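Chemist: One structure coming up, written as C-alpha cells, with questions to follow.
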Amino acid sequence: MTFVPIIESFLKARHYKAVQPLVALIDMDGTLYDSMGNHARAWQRMVQELGIDCSYEEFFMHEGRTGAATIDLIFERVYGRKATSQEHEEYYQRKATYFTQMPPVEVMPGAQAMISTLMEAGVRRVLVTGSGQSSLINRLDADFPGAFPAEMRVTSRDVTKGKPHPEPYMRAMQIARVRPSQCIAIENAPLGVKSAVDAGAFTIAVTTGPIPYEEMEKAGATVIFPSMEDFAQKLPMLLFQLLTTTIE
Ligand code: CA
C-alpha cells in the first residue's frame with residue numbers, strides 16, 4: 001500500500017515541502033487505552049443523577065473536550081447557562097470517581113506495537129490529552145515504558161482551551177520545539193482530529209470506537225485507519241514514505 005498520493009496532496013494543501021516525522025503527538029483515551037466506554041458510562045451515570053436525560057453515545061462525540069467544557073455543553077442545553085467553577089469541580093470529580101469504579105481499562109490492542117515502532121525509528125513522542133484523569137496518566141510509565149517522559153505531556157492542566165481548539169497540539173509542538181511540518185498526530189476522535197489539523201499537523205485518525213469513518217473525514221483527518229492494529233502494522237511504511245516524499 002502506498003501513502004504517497006495522500007502525502008503529496010497534504011503537502012500541496014499546506015504548502016509544506018515535506019513532512020519530517022521527528023515527533024509524534026499522541027492522544028491517550030481511545031488511542032493508547034480502550035477507555036472510552038468507561039468514560040461514557042461514568043459521564044452518563046453522573047449526568048443522569050442530576051436528573052438530566054442523556055445517551056451513552058453522545059459522550060463519544062464529546063470525546064477530547066475537557067471535563068469543564070463537557071459539563072458546560074450539558075448545562076447550556078438544559079439550563080441555558082454555563083456551569084460555575086465550583087460545579088465544574090464537583091461534577092468532574094464525581095465523574096472521575098465513577099470512572100475509577102468501572103472495570104479495569106485495557107491498553108488498546110496495537111498501541112504498544114505502534115509506540116515501539118516510533119521509539120525504534122527515533123521518533124520522539126508527546127502525549128496530548130484533554131484528560132486530567134490521573135488514574136490513566138499514572139499508568140503510562142508501566143504500560144509504555146520510557147515512551148512519555150514527564151516533560152513531554154500536555155494534559156488538561158496545561159491548556160486554557162481544550163480540543164477541538166488547536167491549543168493542545170500547538171502547545172505540544174512548542175514543548176517538542178518543532179514546526180507543524182515536523183510532526184505527525186495520532187487521534188481517535190473527531191474533535192481531537194480537528195484540533196491537530198488546525199494546528200497544522202499531518203493527522204492520522206484511527207477508528208477504535210463507534211465513531212464512523214465519515215466523521216473523521218469531516219474533521220479533516222489526513223489519513224484514516226480502521227484499527228490500531230492495522231495502523232501499527234502500516235506505520236513503518238508510512239514513516240518511510242513521509243521521509244522520502246517531497247514536493248518542489
Ligand atoms: Ca481520544
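Naming scheme: A, B, ... for chains in displayed order of the C-alpha cells; residues 1 onward per chain; ligands 1 onward as shown.
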Using only C-alpha atoms and all ligand atoms, find each protein or nucleic acid residue lying at most 7 Å from ligand 1; present the set as a list in words.
Modeler: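 Answer in the requested format: Asp27, Met28, Asp29, Gly30, Thr31, Glu63, Gly64, Glu187, Asn188, Ala189 and Gly192 of chain A.
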Chemist: Could you dump the residues just selected with N, CA and C atoms as a PDB file, in the first residue's frame?
Modeler:
```
ATOM      1  N   ASP A  27      -2.633  11.215  21.236  1.00  0.00           N
ATOM      2  CA  ASP A  27      -3.791  11.260  22.134  1.00  0.00           C
ATOM      3  C   ASP A  27      -3.772  10.035  23.066  1.00  0.00           C
ATOM      4  N   MET A  28      -4.469  10.106  24.177  1.00  0.00           N
ATOM      5  CA  MET A  28      -4.444   8.989  25.133  1.00  0.00           C
ATOM      6  C   MET A  28      -5.727   8.132  25.112  1.00  0.00           C
ATOM      7  N   ASP A  29      -6.862   8.712  25.520  1.00  0.00           N
ATOM      8  CA  ASP A  29      -8.099   7.916  25.637  1.00  0.00           C
ATOM      9  C   ASP A  29      -8.615   7.506  24.265  1.00  0.00           C
ATOM     10  N   GLY A  30      -8.828   6.226  24.085  1.00  0.00           N
ATOM     11  CA  GLY A  30      -9.328   5.739  22.808  1.00  0.00           C
ATOM     12  C   GLY A  30      -8.225   5.517  21.785  1.00  0.00           C
ATOM     13  N   THR A  31      -7.003   5.970  22.120  1.00  0.00           N
ATOM     14  CA  THR A  31      -5.845   5.791  21.230  1.00  0.00           C
ATOM     15  C   THR A  31      -4.850   4.842  21.891  1.00  0.00           C
ATOM     16  N   GLU A  63     -15.849  13.421  23.015  1.00  0.00           N
ATOM     17  CA  GLU A  63     -14.520  12.948  23.374  1.00  0.00           C
ATOM     18  C   GLU A  63     -13.433  13.927  22.950  1.00  0.00           C
ATOM     19  N   GLY A  64     -12.509  14.201  23.873  1.00  0.00           N
ATOM     20  CA  GLY A  64     -11.426  15.138  23.601  1.00  0.00           C
ATOM     21  C   GLY A  64     -11.644  16.464  24.306  1.00  0.00           C
ATOM     22  N   GLU A 187      -4.773  10.272  16.554  1.00  0.00           N
ATOM     23  CA  GLU A 187      -6.045  10.591  17.241  1.00  0.00           C
ATOM     24  C   GLU A 187      -7.099   9.536  16.967  1.00  0.00           C
ATOM     25  N   ASN A 188      -8.128   9.489  17.798  1.00  0.00           N
ATOM     26  CA  ASN A 188      -9.239   8.570  17.542  1.00  0.00           C
ATOM     27  C   ASN A 188     -10.591   9.270  17.492  1.00  0.00           C
ATOM     28  N   ALA A 189     -10.632  10.593  17.719  1.00  0.00           N
ATOM     29  CA  ALA A 189     -11.938  11.257  17.839  1.00  0.00           C
ATOM     30  C   ALA A 189     -11.996  12.510  16.970  1.00  0.00           C
ATOM     31  N   GLY A 192     -10.567  15.786  18.418  1.00  0.00           N
ATOM     32  CA  GLY A 192      -9.108  15.730  18.510  1.00  0.00           C
ATOM     33  C   GLY A 192      -8.467  15.874  17.146  1.00  0.00           C
TER      34      GLY A 192
END
```
Chemist: Set the distance at 12 Å and use only C-alpha atoms: which residues neighbour segment 96-98 of chain A once local chain neighbours fewer than 4 positions away are removed? I'd like the list as a PDB file with N, CA, C and O atoms, in the first residue's frame.
Modeler:
```
ATOM      1  N   ASN A  38     -15.750   3.231  29.276  1.00  0.00           N
ATOM      2  CA  ASN A  38     -15.819   3.566  30.701  1.00  0.00           C
ATOM      3  C   ASN A  38     -16.079   5.057  30.922  1.00  0.00           C
ATOM      4  O   ASN A  38     -16.849   5.432  31.803  1.00  0.00           O
ATOM      5  N   HIS A  39     -15.402   5.894  30.127  1.00  0.00           N
ATOM      6  CA  HIS A  39     -15.650   7.337  30.256  1.00  0.00           C
ATOM      7  C   HIS A  39     -17.118   7.655  29.981  1.00  0.00           C
ATOM      8  O   HIS A  39     -17.751   8.398  30.730  1.00  0.00           O
ATOM      9  N   ALA A  40     -17.635   7.093  28.891  1.00  0.00           N
ATOM     10  CA  ALA A  40     -19.019   7.384  28.502  1.00  0.00           C
ATOM     11  C   ALA A  40     -19.994   6.915  29.592  1.00  0.00           C
ATOM     12  O   ALA A  40     -20.941   7.627  29.937  1.00  0.00           O
ATOM     13  N   ARG A  41     -19.732   5.729  30.162  1.00  0.00           N
ATOM     14  CA  ARG A  41     -20.621   5.224  31.219  1.00  0.00           C
ATOM     15  C   ARG A  41     -20.519   6.062  32.491  1.00  0.00           C
ATOM     16  O   ARG A  41     -21.526   6.314  33.149  1.00  0.00           O
ATOM     17  N   ALA A  42     -19.305   6.520  32.830  1.00  0.00           N
ATOM     18  CA  ALA A  42     -19.128   7.364  34.026  1.00  0.00           C
ATOM     19  C   ALA A  42     -19.831   8.712  33.853  1.00  0.00           C
ATOM     20  O   ALA A  42     -20.500   9.202  34.767  1.00  0.00           O
ATOM     21  N   TRP A  43     -19.679   9.305  32.665  1.00  0.00           N
ATOM     22  CA  TRP A  43     -20.375  10.571  32.395  1.00  0.00           C
ATOM     23  C   TRP A  43     -21.884  10.391  32.477  1.00  0.00           C
ATOM     24  O   TRP A  43     -22.596  11.189  33.076  1.00  0.00           O
ATOM     25  N   GLN A  44     -22.351   9.305  31.856  1.00  0.00           N
ATOM     26  CA  GLN A  44     -23.796   9.079  31.798  1.00  0.00           C
ATOM     27  C   GLN A  44     -24.368   8.922  33.211  1.00  0.00           C
ATOM     28  O   GLN A  44     -25.400   9.503  33.536  1.00  0.00           O
ATOM     29  N   ARG A  45     -23.666   8.180  34.062  1.00  0.00           N
ATOM     30  CA  ARG A  45     -24.135   7.988  35.432  1.00  0.00           C
ATOM     31  C   ARG A  45     -24.205   9.316  36.178  1.00  0.00           C
ATOM     32  O   ARG A  45     -25.210   9.636  36.823  1.00  0.00           O
ATOM     33  N   MET A  46     -23.140  10.134  36.056  1.00  0.00           N
ATOM     34  CA  MET A  46     -23.091  11.413  36.763  1.00  0.00           C
ATOM     35  C   MET A  46     -24.211  12.335  36.271  1.00  0.00           C
ATOM     36  O   MET A  46     -24.938  12.937  37.075  1.00  0.00           O
ATOM     37  N   VAL A  47     -24.383  12.422  34.962  1.00  0.00           N
ATOM     38  CA  VAL A  47     -25.367  13.349  34.386  1.00  0.00           C
ATOM     39  C   VAL A  47     -26.795  12.893  34.708  1.00  0.00           C
ATOM     40  O   VAL A  47     -27.655  13.709  35.056  1.00  0.00           O
ATOM     41  N   GLU A  49     -27.742  11.311  37.293  1.00  0.00           N
ATOM     42  CA  GLU A  49     -28.002  11.600  38.710  1.00  0.00           C
ATOM     43  C   GLU A  49     -28.474  13.036  38.931  1.00  0.00           C
ATOM     44  O   GLU A  49     -29.114  13.339  39.938  1.00  0.00           O
ATOM     45  N   GLY A  67     -13.217  18.166  30.776  1.00  0.00           N
ATOM     46  CA  GLY A  67     -14.386  17.875  31.598  1.00  0.00           C
ATOM     47  C   GLY A  67     -15.254  19.116  31.759  1.00  0.00           C
ATOM     48  O   GLY A  67     -16.483  19.050  31.641  1.00  0.00           O
ATOM     49  N   HIS A  88     -18.138  22.845  38.101  1.00  0.00           N
ATOM     50  CA  HIS A  88     -17.158  22.108  37.288  1.00  0.00           C
ATOM     51  C   HIS A  88     -16.390  21.130  38.145  1.00  0.00           C
ATOM     52  O   HIS A  88     -16.230  19.959  37.810  1.00  0.00           O
ATOM     53  N   GLU A  89     -15.885  21.632  39.245  1.00  0.00           N
ATOM     54  CA  GLU A  89     -15.017  20.831  40.106  1.00  0.00           C
ATOM     55  C   GLU A  89     -15.776  19.650  40.704  1.00  0.00           C
ATOM     56  O   GLU A  89     -15.327  18.510  40.653  1.00  0.00           O
ATOM     57  N   GLU A  90     -16.959  19.964  41.243  1.00  0.00           N
ATOM     58  CA  GLU A  90     -17.753  18.937  41.921  1.00  0.00           C
ATOM     59  C   GLU A  90     -18.165  17.820  40.950  1.00  0.00           C
ATOM     60  O   GLU A  90     -17.996  16.632  41.230  1.00  0.00           O
ATOM     61  N   TYR A  91     -18.700  18.219  39.780  1.00  0.00           N
ATOM     62  CA  TYR A  91     -19.238  17.209  38.867  1.00  0.00           C
ATOM     63  C   TYR A  91     -18.124  16.451  38.155  1.00  0.00           C
ATOM     64  O   TYR A  91     -18.253  15.261  37.891  1.00  0.00           O
ATOM     65  N   TYR A  92     -17.031  17.141  37.833  1.00  0.00           N
ATOM     66  CA  TYR A  92     -15.934  16.418  37.190  1.00  0.00           C
ATOM     67  C   TYR A  92     -15.321  15.409  38.169  1.00  0.00           C
ATOM     68  O   TYR A  92     -14.994  14.285  37.809  1.00  0.00           O
ATOM     69  N   MET A 102     -15.176   1.729  37.471  1.00  0.00           N
ATOM     70  CA  MET A 102     -15.524   0.889  36.315  1.00  0.00           C
ATOM     71  C   MET A 102     -14.544  -0.281  36.216  1.00  0.00           C
ATOM     72  O   MET A 102     -13.471  -0.253  36.826  1.00  0.00           O
ATOM     73  N   PRO A 103     -14.881  -1.303  35.403  1.00  0.00           N
ATOM     74  CA  PRO A 103     -13.933  -2.410  35.200  1.00  0.00           C
ATOM     75  C   PRO A 103     -12.598  -1.864  34.671  1.00  0.00           C
ATOM     76  O   PRO A 103     -12.582  -0.805  34.047  1.00  0.00           O
ATOM     77  N   SER A 131      -7.577  14.891  29.024  1.00  0.00           N
ATOM     78  CA  SER A 131      -7.913  14.301  30.309  1.00  0.00           C
ATOM     79  C   SER A 131      -7.070  14.870  31.433  1.00  0.00           C
ATOM     80  O   SER A 131      -5.914  15.226  31.252  1.00  0.00           O
ATOM     81  N   GLY A 132      -7.689  14.936  32.621  1.00  0.00           N
ATOM     82  CA  GLY A 132      -6.929  15.254  33.813  1.00  0.00           C
ATOM     83  C   GLY A 132      -7.020  14.060  34.747  1.00  0.00           C
ATOM     84  O   GLY A 132      -6.763  14.141  35.932  1.00  0.00           O
ATOM     85  N   GLN A 133      -7.425  12.922  34.155  1.00  0.00           N
ATOM     86  CA  GLN A 133      -7.727  11.705  34.914  1.00  0.00           C
ATOM     87  C   GLN A 133      -6.417  11.006  35.290  1.00  0.00           C
ATOM     88  O   GLN A 133      -5.812  10.319  34.473  1.00  0.00           O
ATOM     89  N   SER A 134      -5.985  11.197  36.542  1.00  0.00           N
ATOM     90  CA  SER A 134      -4.666  10.686  36.906  1.00  0.00           C
ATOM     91  C   SER A 134      -4.610   9.166  36.911  1.00  0.00           C
ATOM     92  O   SER A 134      -3.550   8.577  36.756  1.00  0.00           O
ATOM     93  N   SER A 135      -5.778   8.479  37.038  1.00  0.00           N
ATOM     94  CA  SER A 135      -5.746   7.017  37.111  1.00  0.00           C
ATOM     95  C   SER A 135      -5.152   6.409  35.843  1.00  0.00           C
ATOM     96  O   SER A 135      -4.500   5.367  35.904  1.00  0.00           O
ATOM     97  N   LEU A 136      -5.342   7.035  34.693  1.00  0.00           N
ATOM     98  CA  LEU A 136      -4.720   6.513  33.469  1.00  0.00           C
ATOM     99  C   LEU A 136      -3.346   7.126  33.227  1.00  0.00           C
ATOM    100  O   LEU A 136      -2.402   6.429  32.848  1.00  0.00           O
TER     101      LEU A 136
END
```
Chemist: Enumerate, in order of chain and increasing residue number, the residues of segment 39-114 of chain A with an atom no farther than 10 Å from segment 139-149 of chain A, each with its shortest atom pair and distance in Å to one decimal, counting only C-alpha atoms, as a Markdown table.
Modeler:
```
| residue | atom | partner | partner_atom | distance |
| --- | --- | --- | --- | --- |
| A:Glu106 | CA | A:Asp143 | CA | 9.8 |
| A:Val107 | CA | A:Asp143 | CA | 7.5 |
| A:Ala111 | CA | A:Phe144 | CA | 9.0 |
| A:Gln112 | CA | A:Phe144 | CA | 6.7 |
| A:Ala113 | CA | A:Phe144 | CA | 10.0 |
```
Chemist: Could you find all residues in segment 109-242 of chain A that DSSP calls helix (DSSP H, G or I) from the backbone, and write them as JSON, numbers by chain?
Modeler: {"A": [111, 112, 113, 114, 115, 116, 117, 118, 119, 120, 134, 135, 136, 137, 140, 141, 142, 143, 156, 157, 158, 167, 168, 169, 170, 171, 172, 173, 174, 175, 176, 180, 181, 182, 190, 191, 192, 193, 194, 195, 196, 197, 198, 213, 214, 215, 216, 217, 218, 228, 229, 230, 231, 232, 233, 234, 235, 236, 237, 238, 239, 240, 241, 242]}
Chemist: Return the single residue from A:Met1, A:Val223, A:Phe60, A:Arg77 that is closest to Pro190 of chain A, with distances computed using only C-alpha atoms.
Modeler: A:Phe60
Chemist: Please determine, counting only C-alpha atoms, which residue among A:Ala172, A:Ser85, A:Ile137, A:Glu229 has the shortest atom-to-atom distance to Arg125 of chain A.
Modeler: A:Ala172
Chemist: Write out as JSON lines the residues of segment 65-184 of chain A that have any atom within 12 Å of an atom of segment 240-248 of chain A, one row each with the nearest atom pair and its distance in Å to one decimal, counting only C-alpha atoms, sorted by chain and then rising number.
Modeler:
```
{"residue": "A:Thr117", "atom": "CA", "partner": "A:Phe240", "partner_atom": "CA", "distance": 11.8}
{"residue": "A:Leu118", "atom": "CA", "partner": "A:Phe240", "partner_atom": "CA", "distance": 11.7}
{"residue": "A:Ala121", "atom": "CA", "partner": "A:Phe240", "partner_atom": "CA", "distance": 9.7}
{"residue": "A:Val123", "atom": "CA", "partner": "A:Leu243", "partner_atom": "CA", "distance": 11.8}
{"residue": "A:Ser181", "atom": "CA", "partner": "A:Leu242", "partner_atom": "CA", "distance": 10.7}
{"residue": "A:Gln182", "atom": "CA", "partner": "A:Leu242", "partner_atom": "CA", "distance": 10.3}
{"residue": "A:Cys183", "atom": "CA", "partner": "A:Leu242", "partner_atom": "CA", "distance": 10.5}
{"residue": "A:Ile184", "atom": "CA", "partner": "A:Leu242", "partner_atom": "CA", "distance": 9.8}
```
Chemist: Would you output that residue set with all heavy atoms, as a PDB file, in the first residue's frame?
Modeler:
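For reference, again-v9.pdb as written:
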```
ATOM      1  N   THR A 117       7.389   0.892  17.476  1.00  0.00           N
ATOM      2  CA  THR A 117       7.854   1.286  16.140  1.00  0.00           C
ATOM      3  C   THR A 117       8.377   2.723  16.154  1.00  0.00           C
ATOM      4  O   THR A 117       9.435   3.024  15.605  1.00  0.00           O
ATOM      5  CB  THR A 117       6.711   1.136  15.108  1.00  0.00           C
ATOM      6  OG1 THR A 117       6.362  -0.236  15.036  1.00  0.00           O
ATOM      7  CG2 THR A 117       7.121   1.624  13.736  1.00  0.00           C
ATOM      8  N   LEU A 118       7.629   3.619  16.808  1.00  0.00           N
ATOM      9  CA  LEU A 118       8.052   5.025  16.872  1.00  0.00           C
ATOM     10  C   LEU A 118       9.386   5.146  17.612  1.00  0.00           C
ATOM     11  O   LEU A 118      10.294   5.869  17.188  1.00  0.00           O
ATOM     12  CB  LEU A 118       6.991   5.875  17.575  1.00  0.00           C
ATOM     13  CG  LEU A 118       5.662   6.054  16.840  1.00  0.00           C
ATOM     14  CD1 LEU A 118       4.649   6.747  17.748  1.00  0.00           C
ATOM     15  CD2 LEU A 118       5.847   6.860  15.553  1.00  0.00           C
ATOM     16  N   ALA A 121      12.267   3.874  15.598  1.00  0.00           N
ATOM     17  CA  ALA A 121      12.572   4.764  14.476  1.00  0.00           C
ATOM     18  C   ALA A 121      13.132   6.108  14.951  1.00  0.00           C
ATOM     19  O   ALA A 121      13.448   6.975  14.139  1.00  0.00           O
ATOM     20  CB  ALA A 121      11.316   4.977  13.635  1.00  0.00           C
ATOM     21  N   VAL A 123      11.527   8.420  16.588  1.00  0.00           N
ATOM     22  CA  VAL A 123      10.510   9.476  16.565  1.00  0.00           C
ATOM     23  C   VAL A 123      10.154   9.806  18.020  1.00  0.00           C
ATOM     24  O   VAL A 123       9.712   8.937  18.773  1.00  0.00           O
ATOM     25  CB  VAL A 123       9.243   8.997  15.809  1.00  0.00           C
ATOM     26  CG1 VAL A 123       8.179  10.089  15.814  1.00  0.00           C
ATOM     27  CG2 VAL A 123       9.589   8.579  14.378  1.00  0.00           C
ATOM     28  N   SER A 181       5.186  21.066  10.345  1.00  0.00           N
ATOM     29  CA  SER A 181       5.605  20.145   9.280  1.00  0.00           C
ATOM     30  C   SER A 181       6.603  19.095   9.774  1.00  0.00           C
ATOM     31  O   SER A 181       7.066  18.266   9.009  1.00  0.00           O
ATOM     32  CB  SER A 181       6.234  20.926   8.127  1.00  0.00           C
ATOM     33  OG  SER A 181       7.404  21.585   8.578  1.00  0.00           O
ATOM     34  N   GLN A 182       6.929  19.136  11.053  1.00  0.00           N
ATOM     35  CA  GLN A 182       7.871  18.156  11.614  1.00  0.00           C
ATOM     36  C   GLN A 182       7.180  17.185  12.577  1.00  0.00           C
ATOM     37  O   GLN A 182       7.828  16.557  13.404  1.00  0.00           O
ATOM     38  CB  GLN A 182       9.011  18.893  12.327  1.00  0.00           C
ATOM     39  CG  GLN A 182       9.854  19.722  11.362  1.00  0.00           C
ATOM     40  CD  GLN A 182      10.858  20.605  12.071  1.00  0.00           C
ATOM     41  OE1 GLN A 182      10.528  21.263  13.053  1.00  0.00           O
ATOM     42  NE2 GLN A 182      12.080  20.629  11.565  1.00  0.00           N
ATOM     43  N   CYS A 183       5.857  17.075  12.435  1.00  0.00           N
ATOM     44  CA  CYS A 183       5.069  16.245  13.368  1.00  0.00           C
ATOM     45  C   CYS A 183       4.120  15.332  12.615  1.00  0.00           C
ATOM     46  O   CYS A 183       3.696  15.639  11.513  1.00  0.00           O
ATOM     47  CB  CYS A 183       4.136  17.106  14.210  1.00  0.00           C
ATOM     48  SG  CYS A 183       4.914  18.405  15.092  1.00  0.00           S
ATOM     49  N   ILE A 184       3.737  14.276  13.294  1.00  0.00           N
ATOM     50  CA  ILE A 184       2.515  13.573  12.932  1.00  0.00           C
ATOM     51  C   ILE A 184       1.653  13.544  14.201  1.00  0.00           C
ATOM     52  O   ILE A 184       2.187  13.544  15.311  1.00  0.00           O
ATOM     53  CB  ILE A 184       2.781  12.134  12.418  1.00  0.00           C
ATOM     54  CG1 ILE A 184       3.547  11.293  13.450  1.00  0.00           C
ATOM     55  CG2 ILE A 184       3.546  12.168  11.096  1.00  0.00           C
ATOM     56  CD1 ILE A 184       3.694   9.819  13.067  1.00  0.00           C
TER      57      ILE A 184
END
```
Chemist: Pro168 of chain A: which residues within 10 Å, counting only C-alpha atoms, same-chain residues fewer than 2 positions away excluded, as an NGL selection string?
Modeler: :A and (25 or 127-130 or 154-156 or 158-166 or 170-174 or 192 or 195-196 or 199)
Chemist: Output N, CA, C and O atoms for every residue in that selection, as a short mmCIF file (atom, residue, chain, number, x, y, z; two decimals), in the first residue's frame.
Modeler:
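Dumped everything to selection-v3.cif:
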```
data_model
loop_
_atom_site.label_atom_id
_atom_site.label_comp_id
_atom_site.auth_asym_id
_atom_site.auth_seq_id
_atom_site.Cartn_x
_atom_site.Cartn_y
_atom_site.Cartn_z
N LEU A 25 2.69 13.28 18.05
CA LEU A 25 1.84 13.87 19.07
C LEU A 25 0.67 12.91 19.25
O LEU A 25 -0.08 12.65 18.30
N LEU A 127 2.59 13.26 24.63
CA LEU A 127 1.21 12.91 24.95
C LEU A 127 0.35 14.18 24.86
O LEU A 127 0.75 15.22 25.39
N VAL A 128 -0.80 14.09 24.19
CA VAL A 128 -1.69 15.26 24.07
C VAL A 128 -3.09 14.81 24.46
O VAL A 128 -3.84 14.29 23.65
N THR A 129 -3.42 15.01 25.74
CA THR A 129 -4.72 14.53 26.21
C THR A 129 -5.55 15.65 26.81
O THR A 129 -5.02 16.56 27.45
N GLY A 130 -6.86 15.57 26.62
CA GLY A 130 -7.77 16.51 27.27
C GLY A 130 -8.08 16.06 28.68
O GLY A 130 -8.74 16.74 29.44
N VAL A 154 1.10 16.91 27.50
CA VAL A 154 0.16 18.02 27.58
C VAL A 154 -1.16 17.44 28.10
O VAL A 154 -1.75 16.58 27.45
N THR A 155 -1.58 17.90 29.28
CA THR A 155 -2.86 17.41 29.83
C THR A 155 -3.80 18.61 29.98
O THR A 155 -3.43 19.74 29.64
N SER A 156 -4.98 18.36 30.52
CA SER A 156 -5.97 19.44 30.66
C SER A 156 -5.42 20.59 31.51
O SER A 156 -5.88 21.72 31.38
N ASP A 158 -2.53 21.96 31.27
CA ASP A 158 -1.53 22.77 30.56
C ASP A 158 -2.12 23.71 29.52
O ASP A 158 -1.38 24.43 28.86
N VAL A 159 -3.43 23.65 29.33
CA VAL A 159 -4.03 24.48 28.27
C VAL A 159 -5.22 25.25 28.82
O VAL A 159 -5.86 24.83 29.79
N THR A 160 -5.51 26.40 28.20
CA THR A 160 -6.71 27.13 28.59
C THR A 160 -7.88 26.72 27.70
O THR A 160 -9.03 26.77 28.12
N LYS A 161 -7.59 26.33 26.46
CA LYS A 161 -8.66 25.87 25.56
C LYS A 161 -8.37 24.42 25.16
O LYS A 161 -7.31 24.12 24.62
N GLY A 162 -9.33 23.53 25.43
CA GLY A 162 -9.14 22.13 25.07
C GLY A 162 -9.49 21.86 23.61
O GLY A 162 -9.91 22.75 22.89
N LYS A 163 -9.26 20.60 23.17
CA LYS A 163 -9.73 20.18 21.86
C LYS A 163 -11.24 20.47 21.77
O LYS A 163 -11.91 20.33 22.77
N PRO A 164 -11.79 20.91 20.65
CA PRO A 164 -11.23 20.96 19.30
C PRO A 164 -10.36 22.17 18.99
O PRO A 164 -9.90 22.32 17.88
N HIS A 165 -10.15 23.07 19.95
CA HIS A 165 -9.24 24.20 19.72
C HIS A 165 -7.84 23.65 19.45
O HIS A 165 -7.45 22.63 20.03
N PRO A 166 -7.06 24.32 18.58
CA PRO A 166 -5.72 23.80 18.28
C PRO A 166 -4.69 23.94 19.40
O PRO A 166 -3.60 23.39 19.31
N MET A 170 -0.75 22.72 19.49
CA MET A 170 0.25 23.78 19.34
C MET A 170 1.20 23.77 20.54
O MET A 170 2.42 23.94 20.40
N ARG A 171 0.63 23.57 21.72
CA ARG A 171 1.44 23.50 22.94
C ARG A 171 2.43 22.32 22.86
O ARG A 171 3.59 22.43 23.23
N ALA A 172 1.95 21.19 22.35
CA ALA A 172 2.81 20.00 22.22
C ALA A 172 3.96 20.28 21.26
O ALA A 172 5.10 19.86 21.50
N MET A 173 3.70 21.00 20.17
CA MET A 173 4.76 21.35 19.21
C MET A 173 5.80 22.26 19.87
O MET A 173 7.00 22.12 19.65
N GLN A 174 5.31 23.20 20.70
CA GLN A 174 6.23 24.09 21.45
C GLN A 174 7.12 23.29 22.38
O GLN A 174 8.33 23.51 22.43
N GLY A 192 -10.57 15.79 18.42
CA GLY A 192 -9.11 15.73 18.51
C GLY A 192 -8.47 15.87 17.15
O GLY A 192 -7.45 16.56 16.99
N SER A 195 -8.52 19.51 16.19
CA SER A 195 -7.50 20.24 16.93
C SER A 195 -6.13 20.08 16.28
O SER A 195 -5.40 21.07 16.06
N ALA A 196 -5.77 18.85 15.93
CA ALA A 196 -4.46 18.58 15.33
C ALA A 196 -4.36 19.16 13.92
O ALA A 196 -3.33 19.74 13.55
N ALA A 199 -3.87 22.80 13.99
CA ALA A 199 -2.51 23.14 14.44
C ALA A 199 -1.50 22.88 13.31
O ALA A 199 -0.32 23.17 13.46
#
```
Chemist: If we count only C-alpha atoms, what is near Met108 of chain A at a cut-off of 6 Å, once residues fewer than 2 positions away on the same chain are taken out, given as a short mmCIF file (atom, residue, chain, number, x, y, z; two decimals) with C-alpha atoms, in the first residue's frame?
Modeler:
```cif
data_model
loop_
_atom_site.label_atom_id
_atom_site.label_comp_id
_atom_site.auth_asym_id
_atom_site.auth_seq_id
_atom_site.Cartn_x
_atom_site.Cartn_y
_atom_site.Cartn_z
CA LEU A 32 -3.44 4.32 23.82
CA TYR A 33 -6.18 2.98 26.09
CA ASP A 34 -9.51 1.34 25.32
CA ALA A 111 -0.90 0.59 20.78
#
```
